[in-house]
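Below is one structure; the comments refer to it alone.
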Amino acid sequence: MKYQSQKVAYWYFLAAMALFGVQVLGGLVAGWIYVSPNFLSEILPFNVIRMIHTNALIVWLLLGFFGAAYFLIPEESEREIWSPKLAYIQLIILLVGTLGAVGSYLVGIHGGREFLEQPLWVKFGILVAALIFLLNISMTVLAGKKTAITNVLLMGLWLLSLLWVFAFINPDNLSLDKMYWWFVVHLWVEATWELVMAAILAFLLLKLTGVDREVVEKWLYVIVATALFSGILGTGHHFYWIGLPGYWQWIGSIFSTFEVIPFFLMMSFAFVMVWKGRKNHPNKSALLWSLGSSTVAFFGAGVWGFLHTLHGVNFYSHGTQITAAHGHLAFYGAYVALNLAIFTYAMPMLRERAPYNQVLNMASFWLMTGGMAFMTFVLTFAGTIQTHMQRVLGDYYMTVQDDLAIFYMMRFGAGAAVVVGALLFIYSMLVVHKDEIIAPGPSNPVPGE
Amino acid sequence: MAEFLTKSRARNIFYGGSIFFVVVFVAMTAHSHRYVVNTSTAGMPLTEEVILGKHTWEAASCINCHTLHGEGAYFAPELGNVMTRWGVQDDPEAAFETLKGWIEAQPSGIEGRRQMPAYQFTDEQLRGLAEFLRWADQTDTQGWPPNDAG
């Protein structure tokens, strides 16, 4: 830790990991209800559990992004954070809002737009927290050194905060409601969040591989250019069947196909930098998460996204388990794994230790990644059968769902592996042992290399 | 990467191109907004009842189990065409009665069957919800879903 105020990130990461735990446990319960539908049905219905599962995910990812910004911007700008006090106030507002939202959901008070169910006062809280954050981080960058990483990170965070305004706009006309809803949902995860992801990934690769900054930053601009050039008009792939004009079928199909490119480039970027890098960084688990994140993001967001993005395919697959398969692997690869990468990199420094528990951490990577991959495969099979039976043959929804029971059982097993992996990750971050389970080899096995 | 692509050129392409795509996107969504209001949803007036129905839909968070025009959770049936599936799309009174009967029968309590919670809606809210679902059903969704199963 080069700057004292980076310590702020520690508390953001702790809060994020706590919510990560809530999120995966919520997911596990929801997965169990698919297997045993009467479970909790009279006390805590599925819709509330799902709300907690998705909302906890979004909030912890954002807490991770905020924490990552507070960690990396001092290093990039070469100065302390403008006001650490404001950063803590921002965190407190977000935590009060989160607890308030979860409490409201449990007693049945919530909005009705998917993912944006937070009560109005919580939405305002998020807005205020975002404004505090933008002020704090912008003042830090303006007073210090400006790099491509800070430029892109700030642009992503500014734009995603501005788009939050659409969370307050809910037209009475359902089709308009849906169109503006995507301004938050799509333009977050398929545009502005990609900027944040690419910037954090660039920072990690810069530190872990030691490749020249000029090279890293050129890659970064190319990646984010392809992300926005494809992602903005790619919004059209959500506009096929909600009452919008037919031209979106072509615009959406063409541009969302290009959305694979930034993810392919991020994966290539990560591997090329490691290949070219001369540095033998001791934090191997952070490197594993960085490579893993960009790879799984390419498959989850890129390949599984393309799988059902063309309008001729989507006409049949829209709103089936195919979407659920894609959603899980994309979020895991792009945003969960990337957050865990920066936690893994930063936590030892924030606790002023050498990288620790790397074996446990890497084991958690394979448990979570393996579990998520398996879940994605079984949901893809379930979705394929569902698409054929329901959309082609015209069998009724519930009849088809009963036939998919075996896949939901396998999904529950996969989910349990993810939960074990997540808990192992949190344990490996928080509890320090004296030695690694397996002693590492020498740091420079080949002399002169 | 090729020599002609310097860091500052890459940066300028990123900023310039992004602004271009934002402008195109804003223009297209402005057109789409007008299209929704004047064409695709114009088959049925957006009455107070429909709006009340939408608020009822939201307060119960139906979207976290069902899909509507294919969006939402995938735990319960698609409702964008439920009035057609029930054969009551052109009969507001029958739509209300069928929906009321359905809601009052929940939860079914059948072992091994997904359970819909019990909702205590007033008749006014139920009428609104029925009108809202009829309103959604008449929206021109480019022919989606492929069949009545939703």
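Naming scheme: A, B, ... for chains in displayed order of the structure tokens; residues 1 onward per chain; ligands 1 onward as shown.
Near stretch 60-76 of chain B, within a cut-off of 6 Å and counting only C-alpha atoms, sit the residues A:Asn47, A:Gly112, A:Ile242, A:His318, A:Gly319, with same-chain residues fewer than 6 positions away left out.
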Closest atom pairs, chain A residues within 7 Å of chain B, only C-alpha atoms, as CSV:
```
residue,atom,partner,partner_atom,distance
A:Ser36,CA,B:Gly112,CA,6.2
A:Pro37,CA,B:Arg114,CA,4.8
A:Asn38,CA,B:Gly112,CA,6.4
A:Ser41,CA,B:Gln115,CA,6.3
A:Pro45,CA,B:Pro117,CA,6.6
A:Phe46,CA,B:Cys65,CA,6.9
A:Asn47,CA,B:Asn64,CA,4.5
A:Arg50,CA,B:Asn64,CA,6.6
A:Met51,CA,B:Asn64,CA,6.9
A:His110,CA,B:Ala59,CA,6.6
A:Gly111,CA,B:Glu58,CA,5.9
A:Gly112,CA,B:Glu58,CA,3.5
A:Arg113,CA,B:Glu58,CA,6.6
A:Glu114,CA,B:Ile63,CA,6.3
A:Asp172,CA,B:Ile51,CA,6.0
A:Ser175,CA,B:Val36,CA,6.8
A:Leu176,CA,B:His33,CA,6.7
A:Glu217,CA,B:Lys7,CA,6.9
A:Lys218,CA,B:Lys7,CA,4.7
A:Tyr221,CA,B:Arg11,CA,5.5
A:Val222,CA,B:Ala10,CA,6.0
A:Ala225,CA,B:Phe14,CA,4.5
A:Leu228,CA,B:Ser18,CA,6.1
A:Phe229,CA,B:Ser18,CA,6.1
A:Ile232,CA,B:Phe21,CA,6.6
A:Leu233,CA,B:Phe25,CA,6.1
A:Trp241,CA,B:Thr141,CA,4.7
A:Ile242,CA,B:Thr141,CA,5.4
A:Gly243,CA,B:Thr141,CA,4.5
A:Leu244,CA,B:Ser32,CA,6.0
A:Pro245,CA,B:Ser32,CA,6.3
A:Gly246,CA,B:Gln142,CA,6.8
A:Phe315,CA,B:Trp144,CA,6.7
A:Tyr316,CA,B:Pro146,CA,6.9
A:His318,CA,B:Gly70,CA,5.9
A:Gly319,CA,B:Gly70,CA,4.5
A:Thr320,CA,B:Tyr74,CA,6.4
A:Gln321,CA,B:Tyr74,CA,6.8
A:Gln390,CA,B:Ala149,CA,6.4
A:Arg391,CA,B:Pro146,CA,6.1
A:Gly394,CA,B:Ala149,CA,5.5
A:Asp395,CA,B:Ala149,CA,6.3
A:Tyr396,CA,B:Ala149,CA,5.1
A:Tyr397,CA,B:Pro77,CA,5.8
```
### Query
stretch 215-343 of chain A: which residues are alpha helix (DSSP H) by DSSP, as a PyMOL selection string?
chain A and resi 215-234+247-258+260-276+284-297+304-307+311-317+321-330+337-343
### Task
List every residue of chain B that DSSP, applied to the backbone of this structure, assigns to strand (DSSP E or B), and report them as number ranges by chain.
B: 67-68, 71-72, 78
Would you save the residues from that selection as a tab-separated table (two decimals), in the first residue's frame, using all heavy atoms?
```
chain	number	residue	atom	x	y	z
B	67	THR	N	-42.54	-14.07	-16.88
B	67	THR	CA	-42.02	-13.17	-17.91
B	67	THR	C	-43.20	-12.39	-18.49
B	67	THR	O	-44.35	-12.84	-18.45
B	67	THR	CB	-41.33	-13.93	-19.05
B	67	THR	OG1	-42.19	-14.99	-19.50
B	67	THR	CG2	-40.01	-14.52	-18.60
B	68	LEU	N	-42.88	-11.20	-19.02
B	68	LEU	CA	-43.87	-10.38	-19.71
B	68	LEU	C	-43.19	-9.91	-20.99
B	68	LEU	O	-42.16	-9.21	-20.92
B	68	LEU	CB	-44.28	-9.20	-18.82
B	68	LEU	CG	-45.38	-8.28	-19.36
B	68	LEU	CD1	-46.68	-9.05	-19.55
B	68	LEU	CD2	-45.60	-7.11	-18.40
B	71	GLU	N	-39.54	-11.04	-20.87
B	71	GLU	CA	-38.57	-10.51	-19.92
B	71	GLU	C	-39.05	-10.72	-18.50
B	71	GLU	O	-40.23	-10.53	-18.21
B	71	GLU	CB	-38.35	-9.01	-20.16
B	71	GLU	CG	-37.70	-8.73	-21.49
B	71	GLU	CD	-37.72	-7.25	-21.86
B	71	GLU	OE1	-38.25	-6.44	-21.08
B	71	GLU	OE2	-37.21	-6.93	-22.94
B	72	GLY	N	-38.12	-11.08	-17.62
B	72	GLY	CA	-38.47	-11.30	-16.23
B	72	GLY	C	-37.77	-12.54	-15.73
B	72	GLY	O	-36.67	-12.86	-16.17
B	78	GLU	N	-45.23	-17.23	-19.21
B	78	GLU	CA	-45.27	-15.95	-19.91
B	78	GLU	C	-46.69	-15.37	-19.78
B	78	GLU	O	-47.68	-16.08	-19.94
B	78	GLU	CB	-44.93	-16.19	-21.38
B	78	GLU	CG	-45.30	-15.08	-22.35
B	78	GLU	CD	-44.53	-13.79	-22.15
B	78	GLU	OE1	-43.39	-13.85	-21.64
B	78	GLU	OE2	-45.05	-12.72	-22.50
```
### Message
Which residues are near A:Val419? Cut-off 8 Å, only C-alpha atoms, ignore same chain within fewer than 3 positions. Put them as a list in words.
### Response
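Answer for this query is Gly21, Val24, Leu25, Leu28, Met368, Gly415, Ala416, Ala422 and Leu423 of chain A.
Coordinates place atom CA of A:Val122 at a distance of 8.6 Å from atom CA of A:Val96.
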### Spatial neighbours of B:Glu104, max dist 9 Å, only C-alpha atoms, sep filter under 3 positions, as a list in words
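Everything that qualifies: Leu99, Lys100, Gly101, Pro107, Ala118, Tyr119 and Gln120 of chain B.
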Using only C-alpha atoms, please write the residues we just selected to a file, as an mmCIF file, in the first residue's frame.
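The result, written out as selection.cif:
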```cif
data_model
loop_
_atom_site.group_PDB
_atom_site.id
_atom_site.type_symbol
_atom_site.label_atom_id
_atom_site.label_comp_id
_atom_site.auth_asym_id
_atom_site.auth_seq_id
_atom_site.Cartn_x
_atom_site.Cartn_y
_atom_site.Cartn_z
ATOM 1 C CA LEU B 99 -58.235 -13.668 -13.466
ATOM 2 C CA LYS B 100 -60.161 -13.278 -10.196
ATOM 3 C CA GLY B 101 -60.873 -16.994 -10.119
ATOM 4 C CA PRO B 107 -51.644 -21.079 -3.669
ATOM 5 C CA ALA B 118 -51.845 -15.612 -2.140
ATOM 6 C CA TYR B 119 -52.520 -11.987 -3.103
ATOM 7 C CA GLN B 120 -55.265 -9.925 -1.438
#
```
### Query
What's the 9 Å shell around stretch 184-200 of chain A, counting only C-alpha atoms, without same-chain residues fewer than 5 positions away, as a ChimeraX atom specification?
/A:65,68-69,72,115,148-160,163-167,205,220,223-224,227-228,230-232,234-235,238,259,262-263,266,301,331,334-335,338-339,342
### Message
Quick check, in Å to one decimal: how far apart do atom CA of A:Ile251 and atom CA of A:Thr309 lie?
### Response
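Separating atom CA of A:Ile251 from atom CA of A:Thr309 is a distance of 11.3 Å.
Note that the spacing between atom CA of A:Leu106 and atom CA of A:Val48 amounts to 7.0 Å.
For A:Pro440, the set of protein, DNA and RNA residues having any atom at most 10 Å away, when counting only C-alpha atoms and skipping those fewer than 2 positions along the same chain, is Pro282, Gln358, Val359, Glu436, Ile437, Ile438, Pro442 and Ser443 of chain A.
Neighbours of stretch 52-54 of chain A closer than or equal to 7 Å, with only C-alpha atoms counted and sequence neighbours fewer than 6 positions away skipped, come out as A:Gln23, A:Gly26, A:Gly27, A:Val102, A:Phe115.
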